[in-house]
$ cat entry-v9.cif   # mmCIF, C-alpha atoms and all ligand atoms
data_work
#
loop_
_atom_site.group_PDB
_atom_site.id
_atom_site.type_symbol
_atom_site.label_atom_id
_atom_site.label_comp_id
_atom_site.auth_asym_id
_atom_site.auth_seq_id
_atom_site.Cartn_x
_atom_site.Cartn_y
_atom_site.Cartn_z
ATOM 1 C CA MET G 85 78.887 124.986 179.316
ATOM 2 C CA ARG G 86 78.771 121.355 178.239
ATOM 3 C CA VAL G 87 75.749 119.087 178.203
ATOM 4 C CA ILE G 88 76.736 115.536 179.151
ATOM 5 C CA LYS G 89 74.315 112.692 178.570
ATOM 6 C CA SER G 90 76.483 109.661 179.347
ATOM 7 C CA VAL G 91 76.990 108.495 182.943
ATOM 8 C CA LEU G 92 80.469 107.152 182.163
ATOM 9 C CA GLN G 93 81.565 110.357 180.442
ATOM 10 C CA MET G 94 80.307 112.505 183.344
ATOM 11 C CA GLN G 95 82.166 110.304 185.794
ATOM 12 C CA LYS G 96 85.411 110.545 183.781
ATOM 13 C CA ILE G 97 85.146 114.340 183.553
ATOM 14 C CA SER G 98 84.463 114.665 187.298
ATOM 15 C CA LEU G 99 87.382 112.391 188.151
ATOM 16 C CA LYS G 100 89.690 114.510 186.021
ATOM 17 C CA HIS G 101 88.563 117.652 187.874
ATOM 18 C CA LEU G 102 89.073 115.891 191.189
ATOM 19 C CA LYS G 103 92.615 114.870 190.194
ATOM 20 C CA ASP G 104 93.335 118.437 189.037
ATOM 21 C CA GLY G 105 92.437 119.647 192.532
ATOM 22 C CA ASP G 106 89.240 121.441 191.493
ATOM 23 C CA GLU G 107 86.426 121.721 194.033
ATOM 24 C CA ILE G 108 83.274 120.320 192.516
ATOM 25 C CA GLY G 109 79.731 121.520 193.279
ATOM 26 C CA LEU G 110 76.674 119.448 192.412
ATOM 27 C CA VAL G 111 73.103 120.715 192.142
ATOM 28 C CA PRO G 112 70.680 117.794 191.684
ATOM 29 C CA THR G 113 67.400 118.840 190.044
ATOM 30 C CA MET G 114 64.491 117.440 188.086
ATOM 31 C CA GLY G 115 64.515 120.396 185.697
ATOM 32 C CA ALA G 116 61.696 122.892 185.065
ATOM 33 C CA LEU G 117 64.154 125.268 186.682
ATOM 34 C CA HIS G 118 63.034 128.447 188.464
ATOM 35 C CA LYS G 119 64.582 131.066 190.739
ATOM 36 C CA GLY G 120 64.717 128.583 193.623
ATOM 37 C CA HIS G 121 67.005 126.319 191.599
ATOM 38 C CA ALA G 122 68.933 129.354 190.337
ATOM 39 C CA SER G 123 69.778 130.321 193.934
ATOM 40 C CA LEU G 124 71.465 126.921 194.363
ATOM 41 C CA LEU G 125 73.378 127.341 191.098
ATOM 42 C CA SER G 126 74.627 130.756 192.071
ATOM 43 C CA LYS G 127 75.780 129.493 195.483
ATOM 44 C CA SER G 128 77.776 126.730 193.821
ATOM 45 C CA GLU G 129 79.167 129.197 191.299
ATOM 46 C CA LYS G 130 80.508 131.238 194.240
ATOM 47 C CA ASP G 131 81.822 128.336 196.321
ATOM 48 C CA ASP G 132 83.181 125.840 193.778
ATOM 49 C CA ASP G 133 85.632 125.721 190.870
ATOM 50 C CA VAL G 134 83.276 123.566 188.833
ATOM 51 C CA THR G 135 79.465 123.402 188.939
ATOM 52 C CA ILE G 136 77.579 120.345 187.729
ATOM 53 C CA VAL G 137 73.784 120.529 187.502
ATOM 54 C CA SER G 138 71.914 117.290 187.018
ATOM 55 C CA ILE G 139 68.553 117.416 185.289
ATOM 56 C CA PHE G 140 66.838 114.090 185.638
ATOM 57 C CA VAL G 141 63.187 113.326 186.324
ATOM 58 C CA ASN G 142 63.845 110.347 188.534
ATOM 59 C CA PRO G 143 61.269 107.627 187.860
ATOM 60 C CA ILE G 144 62.024 105.641 191.029
ATOM 61 C CA GLN G 145 60.954 108.471 193.342
ATOM 62 C CA PHE G 146 57.416 108.589 191.910
ATOM 63 C CA GLY G 147 54.683 106.204 193.049
ATOM 64 C CA PRO G 148 52.449 104.485 190.464
ATOM 65 C CA ASN G 149 49.676 107.091 190.798
ATOM 66 C CA GLU G 150 51.939 110.119 190.877
ATOM 67 C CA ASP G 151 52.868 112.664 188.222
ATOM 68 C CA TYR G 152 56.043 111.146 186.687
ATOM 69 C CA LEU G 153 54.734 111.301 183.112
ATOM 70 C CA LYS G 154 53.232 114.748 183.345
ATOM 71 C CA TYR G 155 56.022 116.290 185.458
ATOM 72 C CA PRO G 156 56.932 119.605 183.709
ATOM 73 C CA ARG G 157 59.875 119.359 181.317
ATOM 74 C CA SER G 158 61.422 122.488 179.762
ATOM 75 C CA VAL G 159 64.939 121.619 178.630
ATOM 76 C CA LYS G 160 65.544 124.636 176.393
ATOM 77 C CA GLN G 161 64.622 127.116 179.107
ATOM 78 C CA ASP G 162 66.568 125.099 181.705
ATOM 79 C CA LEU G 163 69.750 125.245 179.625
ATOM 80 C CA GLU G 164 69.321 129.004 179.296
ATOM 81 C CA ILE G 165 69.056 129.372 183.092
ATOM 82 C CA CYS G 166 72.133 127.166 183.544
ATOM 83 C CA ARG G 167 74.088 129.210 181.015
ATOM 84 C CA LYS G 168 73.119 132.468 182.733
ATOM 85 C CA ASN G 169 74.321 131.045 186.040
ATOM 86 C CA HIS G 170 77.713 130.013 184.645
ATOM 87 C CA VAL G 171 77.162 126.298 185.061
ATOM 88 C CA ASP G 172 80.055 124.205 183.709
ATOM 89 C CA TYR G 173 78.265 120.912 183.085
ATOM 90 C CA VAL G 174 74.606 119.997 182.708
ATOM 91 C CA PHE G 175 74.281 116.279 183.309
ATOM 92 C CA MET G 176 71.166 114.915 181.593
ATOM 93 C CA PRO G 177 71.350 111.119 181.516
ATOM 94 C CA SER G 178 68.667 108.875 180.071
ATOM 95 C CA VAL G 179 66.652 106.654 182.395
ATOM 96 C CA GLU G 180 68.209 103.613 180.683
ATOM 97 C CA ASP G 181 71.737 104.818 181.382
ATOM 98 C CA MET G 182 71.029 105.713 185.035
ATOM 99 C CA PHE G 183 69.060 102.583 185.810
ATOM 100 C CA SER G 184 70.427 99.908 183.529
ATOM 101 C CA GLN G 185 68.238 96.870 183.082
ATOM 102 C CA GLY G 186 68.391 94.669 186.133
ATOM 103 C CA HIS G 187 69.039 97.527 188.582
ATOM 104 C CA LYS G 188 68.439 96.038 192.031
ATOM 105 C CA THR G 189 70.167 98.259 194.580
ATOM 106 C CA PHE G 190 68.345 100.790 196.720
ATOM 107 C CA ALA G 191 69.417 102.984 199.641
ATOM 108 C CA GLU G 192 67.046 103.912 202.477
ATOM 109 C CA VAL G 193 67.231 106.139 205.528
ATOM 110 C CA LYS G 194 65.137 104.391 208.145
ATOM 111 C CA VAL G 195 62.784 106.260 210.506
ATOM 112 C CA MET G 196 63.392 109.672 208.900
ATOM 113 C CA GLN G 197 61.696 108.416 205.733
ATOM 114 C CA ASP G 198 58.639 107.210 207.675
ATOM 115 C CA ILE G 199 57.156 110.538 208.781
ATOM 116 C CA LEU G 200 55.809 113.715 207.126
ATOM 117 C CA CYS G 201 55.692 112.934 203.367
ATOM 118 C CA GLY G 202 56.833 109.327 203.913
ATOM 119 C CA PRO G 203 53.439 107.665 204.605
ATOM 120 C CA PHE G 204 51.846 109.540 201.699
ATOM 121 C CA ARG G 205 54.643 108.784 199.225
ATOM 122 C CA PRO G 206 55.880 105.323 200.226
ATOM 123 C CA VAL G 207 58.660 104.873 197.611
ATOM 124 C CA HIS G 208 59.660 108.511 197.363
ATOM 125 C CA PHE G 209 62.635 108.880 199.711
ATOM 126 C CA ARG G 210 64.097 105.498 198.811
ATOM 127 C CA GLY G 211 64.081 106.729 195.202
ATOM 128 C CA VAL G 212 65.622 110.089 196.092
ATOM 129 C CA VAL G 213 68.357 108.620 198.284
ATOM 130 C CA THR G 214 69.262 105.969 195.710
ATOM 131 C CA LEU G 215 69.514 108.548 192.934
ATOM 132 C CA VAL G 216 71.443 111.075 195.029
ATOM 133 C CA SER G 217 73.989 108.473 196.114
ATOM 134 C CA LYS G 218 74.493 107.539 192.454
ATOM 135 C CA LEU G 219 74.949 111.227 191.584
ATOM 136 C CA PHE G 220 77.536 111.596 194.366
ATOM 137 C CA ASN G 221 79.468 108.641 192.952
ATOM 138 C CA ILE G 222 79.267 110.035 189.420
ATOM 139 C CA SER G 223 80.210 113.634 190.312
ATOM 140 C CA TYR G 224 82.796 113.207 193.119
ATOM 141 C CA ALA G 225 81.248 116.428 194.432
ATOM 142 C CA ASP G 226 82.880 118.318 197.298
ATOM 143 C CA ARG G 227 79.582 120.064 197.947
ATOM 144 C CA ALA G 228 75.985 119.346 196.975
ATOM 145 C CA TYR G 229 73.275 121.995 197.279
ATOM 146 C CA PHE G 230 69.762 121.223 198.536
ATOM 147 C CA GLY G 231 66.832 123.562 199.168
ATOM 148 C CA MET G 232 65.217 123.933 202.601
ATOM 149 C CA LYS G 233 61.901 123.958 200.719
ATOM 150 C CA ASP G 234 62.197 120.137 200.638
ATOM 151 C CA PHE G 235 63.259 120.017 204.264
ATOM 152 C CA GLN G 236 62.700 116.295 204.837
ATOM 153 C CA GLN G 237 64.695 115.478 201.705
ATOM 154 C CA LEU G 238 67.541 117.736 202.863
ATOM 155 C CA LYS G 239 67.768 116.076 206.282
ATOM 156 C CA ILE G 240 67.502 112.565 204.845
ATOM 157 C CA VAL G 241 70.257 113.261 202.319
ATOM 158 C CA GLU G 242 72.452 114.744 205.082
ATOM 159 C CA ARG G 243 71.981 111.555 207.110
ATOM 160 C CA MET G 244 72.668 109.319 204.119
ATOM 161 C CA ALA G 245 75.884 111.201 203.208
ATOM 162 C CA LYS G 246 77.096 110.826 206.791
ATOM 163 C CA ASP G 247 76.084 107.187 207.209
ATOM 164 C CA LEU G 248 77.580 106.072 203.889
ATOM 165 C CA ASN G 249 80.775 108.117 204.287
ATOM 166 C CA PHE G 250 80.376 110.184 201.152
ATOM 167 C CA ARG G 251 83.028 112.871 200.722
ATOM 168 C CA THR G 252 80.280 115.302 199.680
ATOM 169 C CA LYS G 253 79.277 118.053 202.105
ATOM 170 C CA ILE G 254 75.569 118.922 202.015
ATOM 171 C CA VAL G 255 74.871 122.649 201.766
ATOM 172 C CA PRO G 256 71.339 123.744 202.812
ATOM 173 C CA CYS G 257 69.935 126.711 200.862
ATOM 174 C CA PRO G 258 67.025 128.940 201.980
ATOM 175 C CA THR G 259 63.598 128.652 200.360
ATOM 176 C CA VAL G 260 63.041 131.168 197.582
ATOM 177 C CA ARG G 261 59.497 132.563 197.541
ATOM 178 C CA GLU G 262 57.357 134.701 195.328
ATOM 179 C CA ARG G 263 56.701 138.167 196.712
ATOM 180 C CA SER G 264 53.309 136.828 197.838
ATOM 181 C CA GLY G 265 55.074 134.265 200.048
ATOM 182 C CA LEU G 266 54.298 131.216 197.900
ATOM 183 C CA ALA G 267 57.344 128.922 197.824
ATOM 184 C CA LEU G 268 58.610 128.490 194.256
ATOM 185 C CA SER G 269 58.130 124.974 192.956
ATOM 186 C CA SER G 270 58.166 123.335 189.529
ATOM 187 C CA ARG G 271 54.705 121.994 190.392
ATOM 188 C CA ASN G 272 53.303 125.550 190.713
ATOM 189 C CA THR G 273 52.945 125.431 186.914
ATOM 190 C CA TYR G 274 50.047 122.980 187.468
ATOM 191 C CA LEU G 275 48.063 125.640 189.370
ATOM 192 C CA SER G 276 45.342 127.700 187.733
ATOM 193 C CA ASP G 277 45.277 131.420 188.604
ATOM 194 C CA ASP G 278 42.545 130.810 191.163
ATOM 195 C CA GLU G 279 44.431 127.897 192.699
ATOM 196 C CA LYS G 280 47.598 129.970 192.871
ATOM 197 C CA ASN G 281 45.708 132.682 194.725
ATOM 198 C CA VAL G 282 44.453 130.289 197.380
ATOM 199 C CA SER G 283 47.878 128.587 197.632
ATOM 200 C CA LEU G 284 49.267 131.767 199.158
ATOM 201 C CA ASN G 285 47.354 130.873 202.303
ATOM 202 C CA ILE G 286 49.781 128.012 202.989
ATOM 203 C CA SER G 287 52.820 130.213 203.610
ATOM 204 C CA LYS G 288 50.556 132.768 205.249
ATOM 205 C CA ALA G 289 49.313 130.164 207.762
ATOM 206 C CA LEU G 290 52.881 129.155 208.591
ATOM 207 C CA LYS G 291 53.906 132.761 209.117
ATOM 208 C CA GLU G 292 50.888 133.557 211.269
ATOM 209 C CA VAL G 293 51.579 130.755 213.741
ATOM 210 C CA GLN G 294 55.221 131.811 214.126
ATOM 211 C CA GLN G 295 54.216 134.138 216.964
ATOM 212 C CA ASP G 296 52.541 131.240 218.821
ATOM 213 C CA PHE G 297 55.880 129.462 219.186
ATOM 214 C CA LYS G 298 57.001 131.926 221.876
ATOM 215 C CA THR G 299 53.993 131.482 224.129
ATOM 216 C CA LYS G 300 51.819 128.474 223.183
ATOM 217 C CA ASN G 301 52.304 124.723 223.448
ATOM 218 C CA LEU G 302 52.976 122.629 220.345
ATOM 219 C CA ASN G 303 49.532 120.976 220.276
ATOM 220 C CA PHE G 304 47.907 124.377 220.203
ATOM 221 C CA ILE G 305 50.247 125.451 217.375
ATOM 222 C CA LYS G 306 49.504 122.318 215.368
ATOM 223 C CA LYS G 307 45.741 122.797 215.792
ATOM 224 C CA ASN G 308 46.075 126.434 214.841
ATOM 225 C CA ILE G 309 47.951 125.610 211.590
ATOM 226 C CA LEU G 310 45.397 122.882 210.782
ATOM 227 C CA ASN G 311 42.485 125.277 211.347
ATOM 228 C CA LYS G 312 44.021 127.851 209.049
ATOM 229 C CA LEU G 313 44.783 125.275 206.344
ATOM 230 C CA LYS G 314 41.277 123.767 206.565
ATOM 231 C CA LYS G 315 39.822 127.138 205.577
ATOM 232 C CA ILE G 316 41.661 127.125 202.226
ATOM 233 C CA PRO G 317 39.074 126.455 199.499
ATOM 234 C CA ASN G 318 39.500 123.381 197.260
ATOM 235 C CA SER G 319 42.223 121.958 199.541
ATOM 236 C CA LYS G 320 43.005 118.665 201.289
ATOM 237 C CA ILE G 321 45.601 118.417 204.044
ATOM 238 C CA ASP G 322 48.057 115.500 204.041
ATOM 239 C CA TYR G 323 49.749 116.660 207.237
ATOM 240 C CA ALA G 324 50.664 119.632 209.398
ATOM 241 C CA GLU G 325 53.378 118.666 211.847
ATOM 242 C CA VAL G 326 55.983 120.193 214.138
ATOM 243 C CA VAL G 327 59.260 118.250 214.065
ATOM 244 C CA SER G 328 62.772 118.578 215.384
ATOM 245 C CA PHE G 329 65.124 120.448 213.052
ATOM 246 C CA ASN G 330 67.915 118.013 213.856
ATOM 247 C CA ASP G 331 66.386 114.615 213.151
ATOM 248 C CA LEU G 332 62.752 115.123 212.084
ATOM 249 C CA SER G 333 61.400 113.430 215.219
ATOM 250 C CA ILE G 334 58.095 114.806 216.530
ATOM 251 C CA ALA G 335 58.972 117.933 218.520
ATOM 252 C CA ASP G 336 58.135 118.305 222.205
ATOM 253 C CA LYS G 337 58.361 121.213 224.628
ATOM 254 C CA ASN G 338 62.107 120.665 225.058
ATOM 255 C CA THR G 339 62.951 120.791 221.363
ATOM 256 C CA LYS G 340 64.874 124.005 220.807
ATOM 257 C CA LYS G 341 64.828 124.213 217.040
ATOM 258 C CA VAL G 342 61.717 123.031 215.242
ATOM 259 C CA VAL G 343 60.243 122.930 211.767
ATOM 260 C CA PHE G 344 56.542 123.500 211.053
ATOM 261 C CA ALA G 345 56.019 121.354 207.964
ATOM 262 C CA VAL G 346 52.865 120.993 205.879
ATOM 263 C CA ALA G 347 51.691 119.194 202.759
ATOM 264 C CA VAL G 348 48.453 120.389 201.201
ATOM 265 C CA TRP G 349 46.641 119.488 198.015
ATOM 266 C CA ILE G 350 45.235 122.431 196.094
ATOM 267 C CA GLY G 351 42.962 120.767 193.571
ATOM 268 C CA LYS G 352 45.152 118.115 191.939
ATOM 269 C CA THR G 353 48.465 119.697 192.948
ATOM 270 C CA ARG G 354 50.318 118.649 196.084
ATOM 271 C CA LEU G 355 52.313 121.495 197.655
ATOM 272 C CA ILE G 356 54.742 121.332 200.568
ATOM 273 C CA ASP G 357 56.133 124.151 202.659
ATOM 274 C CA ASN G 358 57.802 124.665 206.010
ATOM 275 C CA ILE G 359 59.187 127.260 208.358
ATOM 276 C CA VAL G 360 62.067 126.865 210.822
ATOM 277 C CA MET G 361 61.672 128.248 214.339
ATOM 278 C CA THR G 362 64.206 128.560 217.142
ATOM 279 C CA ARG G 363 63.475 129.169 220.803
ATOM 280 C CA ARG G 364 64.990 132.353 222.070
ATOM 281 C CA GLY G 365 68.627 132.032 223.045
ATOM 282 C CA GLU G 366 69.243 129.039 220.777
ATOM 283 C CA LYS G 367 70.964 129.017 217.401
HETATM 284 P P1 LIG G 401 63.548 119.623 192.285
HETATM 285 O O1 LIG G 401 63.926 119.983 190.874
HETATM 286 O O2 LIG G 401 62.178 120.026 192.668
HETATM 287 O O3 LIG G 401 63.872 118.173 192.596
HETATM 288 O O4 LIG G 401 64.491 120.495 193.207
HETATM 289 C C1 LIG G 401 65.883 120.485 193.071
HETATM 290 C C2 LIG G 401 66.502 121.224 194.229
HETATM 291 O O5 LIG G 401 66.048 122.571 194.228
HETATM 292 C C3 LIG G 401 66.111 120.620 195.590
HETATM 293 O O6 LIG G 401 67.235 120.650 196.449
HETATM 294 C C4 LIG G 401 65.040 121.563 196.059
HETATM 295 O O7 LIG G 401 64.910 121.621 197.471
HETATM 296 C C5 LIG G 401 65.547 122.889 195.515
HETATM 297 N N1 LIG G 401 64.432 123.841 195.428
HETATM 298 C C6 LIG G 401 63.221 123.659 194.825
HETATM 299 N N2 LIG G 401 62.421 124.730 195.027
HETATM 300 C C7 LIG G 401 63.144 125.611 195.774
HETATM 301 C C8 LIG G 401 62.887 126.896 196.328
HETATM 302 N N3 LIG G 401 61.714 127.513 196.159
HETATM 303 N N4 LIG G 401 63.857 127.499 197.050
HETATM 304 C C9 LIG G 401 65.054 126.896 197.237
HETATM 305 N N5 LIG G 401 65.364 125.676 196.746
HETATM 306 C C10 LIG G 401 64.437 125.038 196.031
#

$ encode --input "entry-v9.cif" --output "structure tokens" --more "lines below"
Ligand code: AMP
Amino acid sequence: MRVIKSVLQMQKISLKHLKDGDEIGLVPTMGALHKGHASLLSKSEKDDDVTIVSIFVNPIQFGPNEDYLKYPRSVKQDLEICRKNHVDYVFMPSVEDMFSQGHKTFAEVKVMQDILCGPFRPVHFRGVVTLVSKLFNISYADRAYFGMKDFQQLKIVERMAKDLNFRTKIVPCPTVRERSGLALSSRNTYLSDDEKNVSLNISKALKEVQQDFKTKNLNFIKKNILNKLKKIPNSKIDYAEVVSFNDLSIADKNTKKVVFAVAVWIGKTRLIDNIVMTRRGEK
């Protein structure tokens, strides 16, 4: 496993692999790796000749009052996880190298960036999409792996890759959860034991309303999720929404495949989660 810190060097290495006919897998991360990230690494290890993991806490996807500075960083442990998962390259550029002075170019995915997390994190998706398109150009990846946990991000990146004609195929990966149901997230490290206990109610609420999808209308479902979330102590709800799996538009009674998506603050920690539901007979 090699750790590469220079953008130019990473790009040269990737190009060489491309010319040699190797299939390249990319797993973009912000580090503080856990079993959710590891599931993406192991999928790439199976599918690709070469796996590149990027570890980069991307400053342009954080708003001014967000947790960029205190975002968990654990490089030593991350490298160990990468090694265990047979990663070939860990790409860890500096902020200065990724965003050289005078950087002025940004990519955006209109409409899809304006719902769910969008209104609460106004610069977030622009920052993600800009970084991911840079990573695609640096890695020449055949496949890039994204977790369903960040469902809006996954769909926005899929759209961007299609619209901008990237060669990279986006591979969605299922959400990895603790046995309790809590979706793994680097931000879970912010939670106290008590907060972690109450956080379980987020995935529980999503699971409980699953049954409603067969028989109840979407407004009822939304209200039901909201009522369950409101009961969580020390919490504040950013949103609870039911959207179309395909394009993130607000779902209606004709939408066959939907996503229940929520964002909830537990104390000072913002958690997101979702569950995908399909009407009977649909894939
Ligand atoms: P992050 O480091 O939080 O930017 O996440 C990097 C990638 O790992 C993203 O594609 C996430 O969706 C994915 N990821 C994070 N948590 C999980 C999880 N619990 N299960 C599956 N994928 C995850």

$ closest_residue --input "entry-v9.cif" --among "G:Ile286, G:Ile321, G:Ala122, G:Leu310" --to "ligand LIG 401 (chain G)" --atoms "all atoms listed in the file"
G:Ala122

$ residues_around --input "entry-v9.cif" --residues "G:Asp131" --least-positions-apart "5" --cutoff "12 Å" --atoms "all atoms listed in the file" --output "MDAnalysis selection string"
chainID G and resid 106:110 124:126 226:229 255

$ atom_distance --input "entry-v9.cif" --atom1 "atom CA of G:Cys257" --atom2 "atom CA of G:Lys239"
12.1 Å

$ closest_atom_pairs --input "entry-v9.cif" --of "chain G" --to "ligand LIG 401 (chain G)" --cutoff "7 Å" --atoms "all atoms listed in the file" --output "JSON lines"
{"residue": "G:Val111", "atom": "CA", "partner": "G:LIG401", "partner_atom": "C2", "distance": 6.9}
{"residue": "G:Pro112", "atom": "CA", "partner": "G:LIG401", "partner_atom": "C1", "distance": 5.7}
{"residue": "G:Thr113", "atom": "CA", "partner": "G:LIG401", "partner_atom": "O1", "distance": 3.8}
{"residue": "G:Met114", "atom": "CA", "partner": "G:LIG401", "partner_atom": "O1", "distance": 3.8}
{"residue": "G:Gly115", "atom": "CA", "partner": "G:LIG401", "partner_atom": "O1", "distance": 5.2}
{"residue": "G:Ala116", "atom": "CA", "partner": "G:LIG401", "partner_atom": "O1", "distance": 6.9}
{"residue": "G:Leu117", "atom": "CA", "partner": "G:LIG401", "partner_atom": "O1", "distance": 6.7}
{"residue": "G:Gly120", "atom": "CA", "partner": "G:LIG401", "partner_atom": "C8", "distance": 3.7}
{"residue": "G:His121", "atom": "CA", "partner": "G:LIG401", "partner_atom": "O5", "distance": 4.7}
{"residue": "G:Ser123", "atom": "CA", "partner": "G:LIG401", "partner_atom": "C9", "distance": 6.7}
{"residue": "G:Leu124", "atom": "CA", "partner": "G:LIG401", "partner_atom": "N5", "distance": 6.7}
{"residue": "G:Tyr229", "atom": "CA", "partner": "G:LIG401", "partner_atom": "O6", "distance": 6.2}
{"residue": "G:Phe230", "atom": "CA", "partner": "G:LIG401", "partner_atom": "O6", "distance": 3.3}
{"residue": "G:Gly231", "atom": "CA", "partner": "G:LIG401", "partner_atom": "O7", "distance": 3.2}
{"residue": "G:Met232", "atom": "CA", "partner": "G:LIG401", "partner_atom": "O7", "distance": 5.6}
{"residue": "G:Lys233", "atom": "CA", "partner": "G:LIG401", "partner_atom": "O7", "distance": 5.0}
{"residue": "G:Asp234", "atom": "CA", "partner": "G:LIG401", "partner_atom": "O7", "distance": 4.4}
{"residue": "G:Cys257", "atom": "CA", "partner": "G:LIG401", "partner_atom": "C9", "distance": 6.1}
{"residue": "G:Pro258", "atom": "CA", "partner": "G:LIG401", "partner_atom": "C9", "distance": 5.5}
{"residue": "G:Thr259", "atom": "CA", "partner": "G:LIG401", "partner_atom": "N4", "distance": 3.5}
{"residue": "G:Val260", "atom": "CA", "partner": "G:LIG401", "partner_atom": "N4", "distance": 3.8}
{"residue": "G:Arg261", "atom": "CA", "partner": "G:LIG401", "partner_atom": "N3", "distance": 5.7}
{"residue": "G:Ala267", "atom": "CA", "partner": "G:LIG401", "partner_atom": "N3", "distance": 4.9}
{"residue": "G:Leu268", "atom": "CA", "partner": "G:LIG401", "partner_atom": "N3", "distance": 3.8}
{"residue": "G:Ser269", "atom": "CA", "partner": "G:LIG401", "partner_atom": "N2", "distance": 4.8}
{"residue": "G:Ser270", "atom": "CA", "partner": "G:LIG401", "partner_atom": "O2", "distance": 6.1}

$ write_last_selection --input "entry-v9.cif" --atoms "C-alpha atoms" --output "short mmCIF file (atom, residue, chain, number, x, y, z; two decimals), keeping the file's coordinate frame"
data_model
loop_
_atom_site.label_atom_id
_atom_site.label_comp_id
_atom_site.auth_asym_id
_atom_site.auth_seq_id
_atom_site.Cartn_x
_atom_site.Cartn_y
_atom_site.Cartn_z
CA VAL G 111 73.10 120.72 192.14
CA PRO G 112 70.68 117.79 191.68
CA THR G 113 67.40 118.84 190.04
CA MET G 114 64.49 117.44 188.09
CA GLY G 115 64.52 120.40 185.70
CA ALA G 116 61.70 122.89 185.06
CA LEU G 117 64.15 125.27 186.68
CA GLY G 120 64.72 128.58 193.62
CA HIS G 121 67.00 126.32 191.60
CA SER G 123 69.78 130.32 193.93
CA LEU G 124 71.46 126.92 194.36
CA TYR G 229 73.28 122.00 197.28
CA PHE G 230 69.76 121.22 198.54
CA GLY G 231 66.83 123.56 199.17
CA MET G 232 65.22 123.93 202.60
CA LYS G 233 61.90 123.96 200.72
CA ASP G 234 62.20 120.14 200.64
CA CYS G 257 69.94 126.71 200.86
CA PRO G 258 67.03 128.94 201.98
CA THR G 259 63.60 128.65 200.36
CA VAL G 260 63.04 131.17 197.58
CA ARG G 261 59.50 132.56 197.54
CA ALA G 267 57.34 128.92 197.82
CA LEU G 268 58.61 128.49 194.26
CA SER G 269 58.13 124.97 192.96
CA SER G 270 58.17 123.34 189.53
#

$ closest_residue --input "entry-v9.cif" --among "G:Lys352, G:Arg210, G:Arg251, G:Lys315" --to "G:Leu102" --atoms "all atoms listed in the file"
G:Arg251

$ closest_residue --input "entry-v9.cif" --among "G:Met196, G:Val212, G:Val346, G:Val159" --to "G:Gln145" --atoms "only C-alpha atoms"
G:Val212

$ atom_distance --input "entry-v9.cif" --atom1 "atom CA of G:Ser90" --atom2 "atom CA of G:Ile139"
12.6 Å

$ closest_residue --input "entry-v9.cif" --among "G:Ile165, G:Lys127, G:Phe297, G:Ile316" --to "G:Lys340" --atoms "only C-alpha atoms"
G:Phe297

$ atom_distance --input "entry-v9.cif" --atom1 "atom CA of G:Glu292" --atom2 "atom CA of G:Ile350"
19.6 Å

$ resolve_selection --input "entry-v9.cif" --expression "the PyMOL selection byres (((chain G and resi 302) around 8) and not hetatm)" --output "PyMOL selection string"
chain G and resi 297+300-301+303-306+326+335-337

$ closest_residue --input "entry-v9.cif" --among "G:Gln237, G:Thr339, G:Asn281, G:Gln161" --to "G:Ile356" --atoms "only C-alpha atoms"
G:Gln237

$ resolve_selection --input "entry-v9.cif" --expression "the PyMOL selection byres (((chain G and resi 142) around 8) and not hetatm)" --output "CSV table (one decimal) with C-alpha atoms, keeping the file's coordinate frame"
chain,number,residue,atom,x,y,z
G,114,MET,CA,64.5,117.4,188.1
G,140,PHE,CA,66.8,114.1,185.6
G,141,VAL,CA,63.2,113.3,186.3
G,143,PRO,CA,61.3,107.6,187.9
G,144,ILE,CA,62.0,105.6,191.0
G,145,GLN,CA,61.0,108.5,193.3
G,146,PHE,CA,57.4,108.6,191.9
G,179,VAL,CA,66.7,106.7,182.4
G,211,GLY,CA,64.1,106.7,195.2
G,212,VAL,CA,65.6,110.1,196.1
G,215,LEU,CA,69.5,108.5,192.9

$ resolve_selection --input "entry-v9.cif" --expression "the PyMOL selection byres (((chain G and resi 87) around 7) and not hetatm)" --output "list in words"
Met85, Arg86, Ile88, Lys89, Tyr173, Val174 and Phe175 of chain G

$ closest_residue --input "entry-v9.cif" --among "G:Asp278, G:Phe235, G:Leu200, G:Leu219" --to "G:Phe250" --atoms "only C-alpha atoms"
G:Leu219

$ residues_around --input "entry-v9.cif" --residues "G:Ala245" --least-positions-apart "6" --cutoff "8 Å" --atoms "only C-alpha atoms" --output "PyMOL selection string"
chain G and resi 217+251-254

$ residues_around --input "entry-v9.cif" --residues "G:Leu275" --least-positions-apart "4" --cutoff "10 Å" --atoms "all atoms listed in the file" --output "number ranges by chain"
G: 271, 279-283, 350-354

$ residues_near_point --input "entry-v9.cif" --point "(76.6, 108.5, 181.9)" --cutoff "12 Å" --atoms "all atoms listed in the file" --output "compact mmCIF listing (two decimals) with C-alpha atoms, in the frame of the given file"
# COMPACT_ATOMS: atom_id res chain seq x y z
CA VAL G 87 75.75 119.09 178.20
CA ILE G 88 76.74 115.54 179.15
CA LYS G 89 74.32 112.69 178.57
CA SER G 90 76.48 109.66 179.35
CA VAL G 91 76.99 108.50 182.94
CA LEU G 92 80.47 107.15 182.16
CA GLN G 93 81.56 110.36 180.44
CA MET G 94 80.31 112.50 183.34
CA GLN G 95 82.17 110.30 185.79
CA LYS G 96 85.41 110.54 183.78
CA ILE G 97 85.15 114.34 183.55
CA SER G 98 84.46 114.66 187.30
CA SER G 138 71.91 117.29 187.02
CA PHE G 140 66.84 114.09 185.64
CA VAL G 174 74.61 120.00 182.71
CA PHE G 175 74.28 116.28 183.31
CA MET G 176 71.17 114.92 181.59
CA PRO G 177 71.35 111.12 181.52
CA SER G 178 68.67 108.88 180.07
CA VAL G 179 66.65 106.65 182.40
CA GLU G 180 68.21 103.61 180.68
CA ASP G 181 71.74 104.82 181.38
CA MET G 182 71.03 105.71 185.04
CA PHE G 183 69.06 102.58 185.81
CA SER G 184 70.43 99.91 183.53
CA LYS G 218 74.49 107.54 192.45
CA LEU G 219 74.95 111.23 191.58
CA ASN G 221 79.47 108.64 192.95
CA ILE G 222 79.27 110.04 189.42
CA SER G 223 80.21 113.63 190.31
